[in-house]
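Read the structure below first, then the notes.
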Number of protein chains: 2
Amino acid sequence: MTINPGAAEFPHRQIAAQLRARIHRGDWAPGERLPSIPSLATQFGVAKQTVQRTIDQLRIEGLLITRPGSGTFVRGTKRRMNRLSRGRYGAERGYHAELAARYRQHLMQVGAMPCPPDVAEAFGIDVGVHLLVRRHLVRTGDAPVEVGASWFRPADVRGTSIERPDVFDRPLYQEVEAETGRRYTSARDQVSARLPTREEAELLQIRPDTPVLVLLHIAYDAEHKPIEVAQAAWPGPMTSLTEEYKIPGVRPGLPTDEPDLALG
Amino acid sequence: MTINPGAAEFPHRQIAAQLRARIHRGDWAPGERLPSIPSLATQFGVAKQTVQRTIDQLRIEGLLITRPGSGTFVRGTKRRMNRLSRGRYGAERGYHAELAARYRQHLMQVGAMPCPPDVAEAFGIDVGVHLLVRRHLVRTGDAPVEVGASWFRPADVRGTSIERPDVFDRPLYQEVEAETGRRYTSARDQVSARLPTREEAELLQIRPDTPVLVLLHIAYDAEHKPIEVAQAAWPGPMTSLTEEYKIPGVRPGLPTDEPDLALG
DNA sequence: TTGCATTTGTACGTATGTATC
DNA sequence: GGATACATACGTACAAATGCA
């Protein structure tokens, strides 16, 4: 537990590296409490502020959870696996029926709300226009793991079960198809990382400076008009999205104009 | 430009919110310099350290770029769009031939290197085993936008063009298929957000505390043995990955056991 | 219930180092 | 070389939350 103040790396980075290594090595089990910040400061021979800065960084990285008045704790196992929303429809469309049983998915709100920029752009409307939104929170055991919202144009779902706070016994998209007669034909997924909104941070029980992984999912009907725009957010450092798929055989085709992933 | 020290929000958060709003409103154009930190401190009536803390946060969020001795600058708000690697093989397999022309993709290294944990797990080998790696860097104009690496088992590509530092006139996976006789049959993508390695941060010209969006791509042959494991990283807050696809019709199928995305 | 010690979180002033112009 | 600007560390002080006696 020593720090070299003259080294190229700043003390707070050296300490961060040491703590990271010890956490990965298992010196403290998930959920276990680290020594207090003043105690670490004397152990490392630095000022309290310097250790505080280290802790701030490791918290943003998602390794630590801090509770004022209580202590600093190692976050539980990294990596929850989720599928990208393509899996929502599945290679086998419809297998999601028992999803509610495996997760504790909680329908939080059904009603009209002004839409955020992402959703507005997807629908091609102005920001702040009121849409119908169904918001949910997913928990595993105690911990919240996903906050999500599905947005619809009010005219599209007026008088249907979608605008009522009902919990359905089939996936939402199947309910929408049955109630509106429009079929989910294609979709567009957009993944990015950003800081959470204040509300997202509260619901996910993370701090506002911990990044979240965000998926914007736009579902289109046969005329390529948006039926539903869904947003989902997970605690960033803890989550990874996975997807598996077949690679098609060689077929001639046209090049596209969009920027593309290089990968080799 | 005033701060309320008695409010519920801490001063450094209040200042962050104000600066965020002004940047989004366009008070400073992308690339433009903000007032110096001491100057902002006197304007807001707080200590220099408090503004410094605000700037640290906005830099991690990706809004600002700081250059010691020079100043604090607004990062371009442009979102670069990339496709998920499924697009690598395309609905039209093979259109990637002209990709190298559209981007300035630079082959940085071809040789043996000890593999990182992600790649080891994908191949089912131990961490640190030496694999053949082809690493590249993609630039648009001046700015680096993607660092990537493709990993192979040495035995799989021994004596082929893959282990030579050649630039091919077709996509890498086509070269591999032609040289090894194995066909890319299925793949698995895994997206997550994390802090960059030291090297990634240098190559992407971002700070080590700015998160990156990472894609791990595993390509399998007909026997579901990994042929290639590719990793790509982009500056997180600036990038979003998109994908479009058709939604299949209703077909009965078996439920799977994997945790899944809820989304409604 | 009250009171007190502990712990995290923030702010401030000062000092020093380093990079840029 | 000098001025400017960002980056870090240290010590002190105080606030808020927690836990325990």
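Lettering and numbering for the structure tokens are positional, with chains as A, B, ... in the shown order, residues counted from 1 in each chain, and ligands counted from 1 in the shown order.
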
Within 10 Å of chain A: each chain C residue with its shortest pair, only C-alpha atoms (C1' of nucleotides), as CSV:
```
residue,atom,partner,partner_atom,distance
C:DT6,C1',A:Gly69,CA,7.0
C:DT7,C1',A:Gly69,CA,4.4
C:DT8,C1',A:Pro68,CA,4.0
C:DG9,C1',A:Pro68,CA,7.4
```

Chain D residues within 12 Å of chain B, counting only C-alpha atoms (C1' of nucleotides): which ones, as a list in words?
DA3, DT4, DA5, DC6, DA7, DT8, DA9, DA15 and DA16 of chain D

Would you compute the distance between atom CA of A:Gln231 and atom CA of A:Pro171? Give it in Å to one decimal.
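If I compute the distance from atom CA of A:Gln231 to atom CA of A:Pro171, I get 15.8 Å.
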
Shell of 9 Å around D:DC10, only C-alpha atoms (C1' of nucleotides), local chain residues under 4 positions omitted, as a ChimeraX atom specification:
/A:46-50 /C:14-15

In Å, rounded to a single decimal, give me how far atom CA of B:Asp118 is from atom CA of B:Pro208.
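Answer for the atom CA of B:Pro208 to atom CA of B:Asp118 separation: 19.7 Å.
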
List the neighbours of C:DC4 out to 12 Å using only C-alpha atoms (C1' of nucleotides); skip same-chain residues closer than 6 positions along the sequence, and give me the result as a ChimeraX atom specification.
/D:19-21

Using only N, CA and C atoms (P, O5', C5', C4', C3', O3' and C1' of nucleotides), please write the residues we just selected to a file, as a compact mmCIF listing (two decimals), in the first residue's frame.
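Okay, selection_37.txt is ready:
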```
# COMPACT_ATOMS: atom_id res chain seq x y z
P DG D 19 -27.42 2.38 8.11
O5' DG D 19 -26.69 2.31 9.52
C5' DG D 19 -25.28 2.49 9.58
C4' DG D 19 -24.81 2.40 11.01
C3' DG D 19 -25.63 1.45 11.89
O3' DG D 19 -24.75 0.67 12.69
C1' DG D 19 -25.62 3.62 12.84
P DC D 20 -25.35 -0.49 13.60
O5' DC D 20 -24.94 0.01 15.06
C5' DC D 20 -23.71 0.74 15.22
C4' DC D 20 -23.67 1.42 16.57
C3' DC D 20 -24.36 0.64 17.69
O3' DC D 20 -23.57 0.68 18.86
C1' DC D 20 -25.25 2.81 17.55
P DA D 21 -23.85 -0.37 20.03
O5' DA D 21 -23.82 0.52 21.34
C5' DA D 21 -22.83 1.55 21.44
C4' DA D 21 -23.33 2.64 22.35
C3' DA D 21 -23.98 2.14 23.65
O3' DA D 21 -23.56 2.93 24.75
C1' DA D 21 -25.49 3.53 22.45
```

Taking the DSSP assignment computed from this structure's backbone, write out as an MDAnalysis selection string all residues of stretch 10-250 of chain A that belong to helix (DSSP H, G or I).
chainID A and resid 11:25 37:44 48:61 86:89 95:102 117:123 154:157 161:163 172:180 198:204 236:238

Which one is closest to chain B: A:Leu172, A:Val167, A:Ile60, A:Ala233? Count only C-alpha atoms.
A:Leu172

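Picture a line from atom CA of B:Ala178 to atom CA of A:Tyr245; it runs 21.7 Å.
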
Taking the backbone alone, and naming residues the way the document does, which bits of stretch 132-238 of chain B are strand (DSSP E or B) by DSSP, as a ChimeraX atom specification?
/B:132-140,143-152,186-194,212-220,226-235

Same residues, C-alpha atoms, output as an mmCIF file, in the first residue's frame:
```cif
data_model
loop_
_atom_site.group_PDB
_atom_site.id
_atom_site.type_symbol
_atom_site.label_atom_id
_atom_site.label_comp_id
_atom_site.auth_asym_id
_atom_site.auth_seq_id
_atom_site.Cartn_x
_atom_site.Cartn_y
_atom_site.Cartn_z
ATOM 1 C CA LEU B 132 -2.402 -13.334 -34.366
ATOM 2 C CA VAL B 133 -3.884 -9.867 -34.323
ATOM 3 C CA ARG B 134 -4.578 -7.353 -37.072
ATOM 4 C CA ARG B 135 -5.125 -3.894 -35.645
ATOM 5 C CA HIS B 136 -6.457 -0.890 -37.451
ATOM 6 C CA LEU B 137 -7.378 2.732 -36.879
ATOM 7 C CA VAL B 138 -10.087 4.573 -38.790
ATOM 8 C CA ARG B 139 -9.963 8.302 -39.349
ATOM 9 C CA THR B 140 -12.307 10.793 -40.932
ATOM 10 C CA ALA B 143 -10.016 12.863 -36.068
ATOM 11 C CA PRO B 144 -9.624 9.179 -35.226
ATOM 12 C CA VAL B 145 -13.071 7.606 -34.854
ATOM 13 C CA GLU B 146 -12.509 3.889 -34.369
ATOM 14 C CA VAL B 147 -9.831 1.562 -33.100
ATOM 15 C CA GLY B 148 -10.238 -2.083 -33.892
ATOM 16 C CA ALA B 149 -8.514 -5.423 -33.732
ATOM 17 C CA SER B 150 -9.209 -8.798 -35.335
ATOM 18 C CA TRP B 151 -7.865 -11.872 -33.521
ATOM 19 C CA PHE B 152 -7.141 -15.306 -35.020
ATOM 20 C CA SER B 186 -22.935 -17.248 -37.720
ATOM 21 C CA ALA B 187 -21.866 -14.489 -35.390
ATOM 22 C CA ARG B 188 -22.390 -13.001 -31.981
ATOM 23 C CA ASP B 189 -22.223 -9.300 -31.165
ATOM 24 C CA GLN B 190 -21.774 -7.865 -27.735
ATOM 25 C CA VAL B 191 -22.074 -4.137 -27.052
ATOM 26 C CA SER B 192 -21.021 -2.461 -23.848
ATOM 27 C CA ALA B 193 -19.621 0.771 -22.482
ATOM 28 C CA ARG B 194 -16.444 0.964 -20.449
ATOM 29 C CA VAL B 212 -15.881 4.271 -24.989
ATOM 30 C CA LEU B 213 -18.561 2.229 -26.679
ATOM 31 C CA VAL B 214 -17.212 -1.234 -27.387
ATOM 32 C CA LEU B 215 -18.335 -3.980 -29.742
ATOM 33 C CA LEU B 216 -17.051 -7.529 -29.433
ATOM 34 C CA HIS B 217 -17.811 -9.507 -32.555
ATOM 35 C CA ILE B 218 -17.336 -13.283 -32.682
ATOM 36 C CA ALA B 219 -17.625 -15.036 -36.041
ATOM 37 C CA TYR B 220 -18.210 -18.811 -36.154
ATOM 38 C CA PRO B 226 -14.752 -19.303 -33.636
ATOM 39 C CA ILE B 227 -12.881 -18.163 -36.726
ATOM 40 C CA GLU B 228 -12.337 -14.563 -35.802
ATOM 41 C CA VAL B 229 -12.898 -12.357 -32.791
ATOM 42 C CA ALA B 230 -13.014 -8.654 -33.556
ATOM 43 C CA GLN B 231 -13.077 -5.749 -31.159
ATOM 44 C CA ALA B 232 -13.941 -2.170 -32.021
ATOM 45 C CA ALA B 233 -14.078 0.908 -29.807
ATOM 46 C CA TRP B 234 -15.483 4.390 -30.387
ATOM 47 C CA PRO B 235 -15.566 7.511 -28.226
#
```

Between B:Arg207, B:Arg170, B:Arg25, B:Arg182, which has the minimum distance to chain A (counting only C-alpha atoms)?
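For chain A, the nearest of the given residues is B:Arg170.
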
Counting only C-alpha atoms (C1' of nucleotides), what is within 10 Å of A:Glu32, bar same-chain residues fewer than 4 positions away, as a PyMOL selection string?
chain A and resi 27-28+71-76

Using all heavy atoms, can you export the residues from the last selection as a short mmCIF file (atom, residue, chain, number, x, y, z; two decimals), in the first residue's frame?
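Result saved to result16.cif:
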```
data_model
loop_
_atom_site.label_atom_id
_atom_site.label_comp_id
_atom_site.auth_asym_id
_atom_site.auth_seq_id
_atom_site.Cartn_x
_atom_site.Cartn_y
_atom_site.Cartn_z
N ASP A 27 -10.15 -9.32 -3.12
CA ASP A 27 -9.81 -8.97 -1.73
C ASP A 27 -11.06 -8.58 -0.96
O ASP A 27 -11.16 -8.82 0.24
CB ASP A 27 -8.82 -7.81 -1.71
CG ASP A 27 -7.41 -8.29 -2.03
OD1 ASP A 27 -7.30 -9.39 -2.61
OD2 ASP A 27 -6.45 -7.59 -1.69
N TRP A 28 -12.00 -7.93 -1.66
CA TRP A 28 -13.30 -7.67 -1.05
C TRP A 28 -14.36 -8.33 -1.91
O TRP A 28 -14.38 -8.15 -3.14
CB TRP A 28 -13.56 -6.16 -0.95
CG TRP A 28 -12.53 -5.44 -0.14
CD1 TRP A 28 -12.44 -5.39 1.22
CD2 TRP A 28 -11.45 -4.64 -0.63
NE1 TRP A 28 -11.37 -4.62 1.60
CE2 TRP A 28 -10.75 -4.15 0.49
CE3 TRP A 28 -11.00 -4.28 -1.90
CZ2 TRP A 28 -9.62 -3.33 0.37
CZ3 TRP A 28 -9.90 -3.49 -2.03
CH2 TRP A 28 -9.21 -3.01 -0.89
N GLY A 71 -20.77 3.81 4.09
CA GLY A 71 -19.47 3.32 3.66
C GLY A 71 -19.38 3.15 2.16
O GLY A 71 -20.25 3.58 1.41
N THR A 72 -18.30 2.52 1.72
CA THR A 72 -18.04 2.28 0.31
C THR A 72 -18.07 0.77 0.07
O THR A 72 -17.38 0.02 0.76
CB THR A 72 -16.66 2.85 -0.08
OG1 THR A 72 -16.60 4.22 0.28
CG2 THR A 72 -16.42 2.71 -1.56
N PHE A 73 -18.86 0.33 -0.92
CA PHE A 73 -19.10 -1.10 -1.10
C PHE A 73 -18.76 -1.54 -2.52
O PHE A 73 -18.88 -0.76 -3.47
CB PHE A 73 -20.56 -1.44 -0.80
CG PHE A 73 -20.99 -1.01 0.57
CD1 PHE A 73 -21.42 0.29 0.82
CD2 PHE A 73 -20.94 -1.90 1.64
CE1 PHE A 73 -21.80 0.69 2.08
CE2 PHE A 73 -21.31 -1.51 2.91
CZ PHE A 73 -21.75 -0.21 3.13
N VAL A 74 -18.34 -2.79 -2.65
CA VAL A 74 -18.04 -3.35 -3.96
C VAL A 74 -19.34 -3.75 -4.63
O VAL A 74 -20.17 -4.43 -4.02
CB VAL A 74 -17.11 -4.58 -3.84
CG1 VAL A 74 -16.93 -5.25 -5.20
CG2 VAL A 74 -15.78 -4.18 -3.25
N ARG A 75 -19.50 -3.29 -5.85
CA ARG A 75 -20.71 -3.60 -6.60
C ARG A 75 -20.72 -5.07 -6.98
O ARG A 75 -19.71 -5.67 -7.25
CB ARG A 75 -20.77 -2.73 -7.84
CG ARG A 75 -21.79 -3.17 -8.86
CD ARG A 75 -22.92 -2.19 -9.05
NE ARG A 75 -22.45 -0.89 -9.48
CZ ARG A 75 -23.29 0.10 -9.80
NH1 ARG A 75 -24.58 -0.09 -9.72
NH2 ARG A 75 -22.81 1.25 -10.19
N GLY A 76 -21.90 -5.65 -7.02
CA GLY A 76 -22.06 -7.06 -7.38
C GLY A 76 -21.58 -7.35 -8.79
O GLY A 76 -21.26 -6.46 -9.55
#
```
